[in-house]
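Enquirer: Here it is: the structure, laid out below.
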Amino acid sequence: MSAPTPVSGEGGAEIYAKLAELGLTLPTVVPPLAAYVPAVQSGNYVYVSGQLPFVDGKLPHTGKLGAGVTVEQGTELARYCALNALAAIDALVGLGRVVKIVKVTGFVASAEGFTGQPGVINGASQLFFDVLGEPGRHARSAVGVAELPLGAPVEVEVIAELD
């Protein structure tokens with residue numbers, strides 16, 4: 001059985017070109033808020049810690065979906081989480097080694113009665129597909145929670161397979 005083929009050439013050039021085409025740049029990896037690391041490699045997998053939707057070191061919105069944060073805002077925040085996850089992978093091993101996004105778990109701070117978590121987390125799922133193509137399609141969970149760190153509306157964690 002042959003090894004899976006990475007989604008891009010040496011060093012991830014195709015991924016960086018796709019990011020640029022989409023008008024995106026990888027942000028600086030956000031330092032951990034507690035006693036953990038942004039991402040860790042084990043065998044042929046990278047496990048990315050939950051990423052908050054930081055933009056330039058700040059949360060653009062705080063609060064809960066269904067009570068002050070719109071679905072559109074939440075979807076955009078999930079995209080930021082996914083971009084931050086790609087940055088964590090890139091800093092650890094380089095995006096050129098990514099073969100597949102295997103699993104995404106999205107957490108949505110939800111007001112009572114809010115049931116649109118899957119739609120919100122589609123922001124992250126769509127970003128992975130837009131950047132990586134078919135290797136960006138993944139298994140996923142979208143979970144409503146009472147609160148997230150720093151009042152963030154969304155948090156996303158990722159498992160990626162490497163070459």
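By order in the structure tokens, chains are A, B, ...; within a chain, residues start at 1; ligands start at 1, following the order shown.
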Quick one: pick out all strand (DSSP E) residues within segment 13-137 of chain A from a backbone DSSP run and write them as a list in words.
Expert: Ala39, Val40, Gln41, Ser42, Tyr45, Val46, Tyr47, Val48, Ser49, Gly50, Gln51, Lys64, Leu65, Gly68, Val69, Val98, Val99, Lys100, Ile101, Val102, Lys103, Val104, Thr105, Gly106, Phe107, Val108 and Ala109 of chain A
Enquirer: Output N, CA, C and O atoms for every residue in that selection, as a short mmCIF file (atom, residue, chain, number, x, y, z; two decimals), in the first residue's frame.
Expert:
data_model
loop_
_atom_site.label_atom_id
_atom_site.label_comp_id
_atom_site.auth_asym_id
_atom_site.auth_seq_id
_atom_site.Cartn_x
_atom_site.Cartn_y
_atom_site.Cartn_z
N ALA A 39 -0.67 22.79 19.06
CA ALA A 39 -0.84 21.57 18.27
C ALA A 39 0.27 20.60 18.66
O ALA A 39 1.35 21.01 19.07
N VAL A 40 -0.04 19.31 18.51
CA VAL A 40 0.94 18.27 18.80
C VAL A 40 0.84 17.20 17.72
O VAL A 40 -0.25 16.90 17.25
N GLN A 41 2.00 16.67 17.33
CA GLN A 41 2.04 15.59 16.36
C GLN A 41 2.20 14.28 17.10
O GLN A 41 3.00 14.16 18.02
N SER A 42 1.43 13.28 16.67
CA SER A 42 1.58 11.91 17.15
C SER A 42 1.48 11.01 15.93
O SER A 42 0.42 10.97 15.29
N TYR A 45 -0.39 12.08 12.53
CA TYR A 45 -1.52 12.97 12.81
C TYR A 45 -1.07 14.19 13.59
O TYR A 45 -0.16 14.12 14.42
N VAL A 46 -1.76 15.31 13.34
CA VAL A 46 -1.61 16.51 14.15
C VAL A 46 -2.95 16.76 14.82
O VAL A 46 -3.99 16.75 14.16
N TYR A 47 -2.89 16.94 16.11
CA TYR A 47 -4.07 17.27 16.91
C TYR A 47 -3.95 18.74 17.29
O TYR A 47 -3.02 19.13 17.98
N VAL A 48 -4.89 19.53 16.80
CA VAL A 48 -4.87 20.97 17.05
C VAL A 48 -5.79 21.28 18.22
O VAL A 48 -6.97 20.90 18.21
N SER A 49 -5.24 21.95 19.22
CA SER A 49 -6.05 22.38 20.36
C SER A 49 -7.17 23.29 19.88
O SER A 49 -7.08 23.89 18.80
N GLY A 50 -8.20 23.41 20.68
CA GLY A 50 -9.32 24.27 20.33
C GLY A 50 -8.83 25.68 20.01
O GLY A 50 -8.11 26.28 20.80
N GLN A 51 -9.20 26.16 18.84
CA GLN A 51 -8.80 27.49 18.38
C GLN A 51 -9.98 28.44 18.50
O GLN A 51 -11.07 28.17 18.00
N LYS A 64 -23.04 34.88 22.84
CA LYS A 64 -23.64 33.60 22.45
C LYS A 64 -24.44 33.74 21.17
O LYS A 64 -25.08 34.76 20.93
N LEU A 65 -24.43 32.65 20.42
CA LEU A 65 -25.29 32.59 19.25
C LEU A 65 -26.73 32.52 19.73
O LEU A 65 -27.04 31.82 20.68
N GLY A 68 -27.35 37.94 20.71
CA GLY A 68 -26.37 38.98 20.49
C GLY A 68 -25.36 38.68 19.39
O GLY A 68 -24.78 39.60 18.82
N VAL A 69 -25.13 37.43 19.09
CA VAL A 69 -24.24 37.06 17.99
C VAL A 69 -25.09 36.36 16.93
O VAL A 69 -25.79 35.39 17.23
N VAL A 98 0.18 18.08 4.94
CA VAL A 98 -1.22 17.69 5.19
C VAL A 98 -1.73 16.81 4.06
O VAL A 98 -1.64 17.16 2.89
N VAL A 99 -2.26 15.67 4.44
CA VAL A 99 -2.89 14.74 3.49
C VAL A 99 -4.40 14.90 3.55
O VAL A 99 -5.08 14.84 2.53
N LYS A 100 -4.94 15.14 4.76
CA LYS A 100 -6.39 15.15 4.94
C LYS A 100 -6.73 15.81 6.26
O LYS A 100 -6.05 15.60 7.25
N ILE A 101 -7.78 16.61 6.25
CA ILE A 101 -8.40 17.03 7.50
C ILE A 101 -9.34 15.88 7.86
O ILE A 101 -10.26 15.55 7.10
N VAL A 102 -9.09 15.24 8.98
CA VAL A 102 -9.82 14.02 9.34
C VAL A 102 -11.07 14.34 10.14
O VAL A 102 -12.16 13.84 9.86
N LYS A 103 -10.94 15.18 11.16
CA LYS A 103 -12.05 15.43 12.08
C LYS A 103 -12.01 16.87 12.55
O LYS A 103 -10.95 17.41 12.86
N VAL A 104 -13.17 17.48 12.58
CA VAL A 104 -13.35 18.83 13.12
C VAL A 104 -14.41 18.73 14.21
O VAL A 104 -15.46 18.13 14.01
N THR A 105 -14.10 19.32 15.35
CA THR A 105 -15.09 19.45 16.41
C THR A 105 -15.29 20.94 16.66
O THR A 105 -14.33 21.66 16.93
N GLY A 106 -16.53 21.37 16.51
CA GLY A 106 -16.86 22.78 16.71
C GLY A 106 -17.74 22.96 17.92
O GLY A 106 -18.70 22.20 18.12
N PHE A 107 -17.39 23.94 18.73
CA PHE A 107 -18.16 24.27 19.92
C PHE A 107 -18.77 25.66 19.71
O PHE A 107 -18.07 26.59 19.32
N VAL A 108 -20.06 25.78 19.98
CA VAL A 108 -20.77 27.02 19.77
C VAL A 108 -21.42 27.44 21.09
O VAL A 108 -22.26 26.71 21.63
N ALA A 109 -21.01 28.59 21.62
CA ALA A 109 -21.66 29.13 22.81
C ALA A 109 -23.07 29.51 22.40
O ALA A 109 -23.27 30.36 21.53
#
Enquirer: When you look at Ala91 of chain A with a cut-off of 10 Å (counting only C-alpha atoms), what residues show up, excluding the ones that are within fewer than 2 positions of it in the same chain? I need them as a PyMOL selection string.
Expert: chain A and resi 26+28-29+38-39+85-89+93-95
Enquirer: Please produce an output containing N, CA and C atoms for each residue in the selection, written as a PDB file, in the first residue's frame.
Expert:
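Here's the written file out_3.pdb:
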ATOM      1  N   LEU A  26      -2.114  33.307   6.625  1.00  0.00           N
ATOM      2  CA  LEU A  26      -2.096  32.610   7.906  1.00  0.00           C
ATOM      3  C   LEU A  26      -1.694  33.594   9.001  1.00  0.00           C
ATOM      4  N   THR A  28      -0.411  34.725  12.880  1.00  0.00           N
ATOM      5  CA  THR A  28       0.532  34.233  13.873  1.00  0.00           C
ATOM      6  C   THR A  28      -0.228  33.321  14.818  1.00  0.00           C
ATOM      7  N   VAL A  29       0.399  32.230  15.211  1.00  0.00           N
ATOM      8  CA  VAL A  29      -0.265  31.292  16.120  1.00  0.00           C
ATOM      9  C   VAL A  29      -0.508  31.993  17.453  1.00  0.00           C
ATOM     10  N   PRO A  38      -0.443  24.666  21.153  1.00  0.00           N
ATOM     11  CA  PRO A  38      -1.429  24.862  20.092  1.00  0.00           C
ATOM     12  C   PRO A  38      -1.699  23.609  19.267  1.00  0.00           C
ATOM     13  N   ALA A  39      -0.668  22.790  19.063  1.00  0.00           N
ATOM     14  CA  ALA A  39      -0.838  21.571  18.274  1.00  0.00           C
ATOM     15  C   ALA A  39       0.266  20.604  18.659  1.00  0.00           C
ATOM     16  N   ALA A  85      -6.385  27.311  13.051  1.00  0.00           N
ATOM     17  CA  ALA A  85      -5.973  25.900  13.118  1.00  0.00           C
ATOM     18  C   ALA A  85      -4.952  25.589  12.030  1.00  0.00           C
ATOM     19  N   LEU A  86      -5.171  26.087  10.822  1.00  0.00           N
ATOM     20  CA  LEU A  86      -4.193  25.888   9.753  1.00  0.00           C
ATOM     21  C   LEU A  86      -2.858  26.518  10.116  1.00  0.00           C
ATOM     22  N   ALA A  87      -2.896  27.679  10.756  1.00  0.00           N
ATOM     23  CA  ALA A  87      -1.655  28.336  11.187  1.00  0.00           C
ATOM     24  C   ALA A  87      -0.916  27.479  12.215  1.00  0.00           C
ATOM     25  N   ALA A  88      -1.655  26.849  13.124  1.00  0.00           N
ATOM     26  CA  ALA A  88      -1.031  25.987  14.137  1.00  0.00           C
ATOM     27  C   ALA A  88      -0.387  24.765  13.484  1.00  0.00           C
ATOM     28  N   ILE A  89      -1.073  24.187  12.495  1.00  0.00           N
ATOM     29  CA  ILE A  89      -0.505  23.045  11.767  1.00  0.00           C
ATOM     30  C   ILE A  89       0.749  23.483  11.021  1.00  0.00           C
ATOM     31  N   VAL A  93       4.336  21.600  11.583  1.00  0.00           N
ATOM     32  CA  VAL A  93       4.878  20.645  10.606  1.00  0.00           C
ATOM     33  C   VAL A  93       4.903  21.168   9.174  1.00  0.00           C
ATOM     34  N   GLY A  94       4.257  22.291   8.896  1.00  0.00           N
ATOM     35  CA  GLY A  94       4.157  22.793   7.533  1.00  0.00           C
ATOM     36  C   GLY A  94       2.914  22.259   6.848  1.00  0.00           C
ATOM     37  N   LEU A  95       2.206  23.124   6.148  1.00  0.00           N
ATOM     38  CA  LEU A  95       0.967  22.712   5.481  1.00  0.00           C
ATOM     39  C   LEU A  95       1.219  21.747   4.330  1.00  0.00           C
TER      40      LEU A  95
END
Enquirer: Determine, counting only C-alpha atoms, which protein, DNA and RNA residues have an atom within 10 Å of an atom of Tyr16 of chain A; residues of the same chain fewer than 6 positions away are not included. Present the result as number ranges by chain.
Expert: A: 8, 22, 24-26, 95-96, 131
Enquirer: Restrict the selected residues to C-alpha atoms and save them as an mmCIF file, in the first residue's frame.
Expert:
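Wrote it out as again-v3.cif, contents follow:
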data_model
loop_
_atom_site.group_PDB
_atom_site.id
_atom_site.type_symbol
_atom_site.label_atom_id
_atom_site.label_comp_id
_atom_site.auth_asym_id
_atom_site.auth_seq_id
_atom_site.Cartn_x
_atom_site.Cartn_y
_atom_site.Cartn_z
ATOM 1 C CA SER A 8 0.208 20.194 -2.238
ATOM 2 C CA LEU A 22 -8.917 33.599 -1.375
ATOM 3 C CA LEU A 24 -6.302 35.013 3.221
ATOM 4 C CA THR A 25 -2.992 34.888 5.055
ATOM 5 C CA LEU A 26 -2.096 32.610 7.906
ATOM 6 C CA LEU A 95 0.967 22.712 5.481
ATOM 7 C CA GLY A 96 2.738 20.807 2.703
ATOM 8 C CA VAL A 131 -8.290 25.902 0.863
#
Enquirer: Out of A:Glu72, A:Glu161, A:Glu147, A:Asp56, which residue has the shortest atom-to-atom distance to Ser110 of chain A when counting only C-alpha atoms?
Expert: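 Smallest distance to Ser110 of chain A is found for A:Glu147.
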Enquirer: Write down as a list in words the residues of segment 36-103 of chain A whose backbone DSSP state falls under alpha helix (DSSP H).
Expert: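 Assigned to alpha helix (DSSP H), within segment 36-103 of chain A: Val71, Glu72, Gln73, Gly74, Thr75, Glu76, Leu77, Ala78, Arg79, Tyr80, Cys81, Ala82, Leu83, Asn84, Ala85, Leu86, Ala87, Ala88, Ile89, Asp90, Ala91 and Leu92 of chain A.
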Enquirer: Just checking: using only C-alpha atoms, which residue out of A:Pro135, A:Pro60, A:Gly144, A:Pro53 ends up closest to Arg97 of chain A?
Expert: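 That would be A:Pro135, the residue with the smallest distance to Arg97 of chain A.
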Enquirer: Could you check how far atom CA of Asn122 of chain A sits from atom CA of Asn84 of chain A, in Å to one decimal?
Expert: 15.5 Å
Enquirer: Just how far from atom CA of Pro118 of chain A is atom CA of Ala35 of chain A, in Å to one decimal?
Expert: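 Atom-to-atom, atom CA of Ala35 of chain A and atom CA of Pro118 of chain A are spaced 29.2 Å apart.
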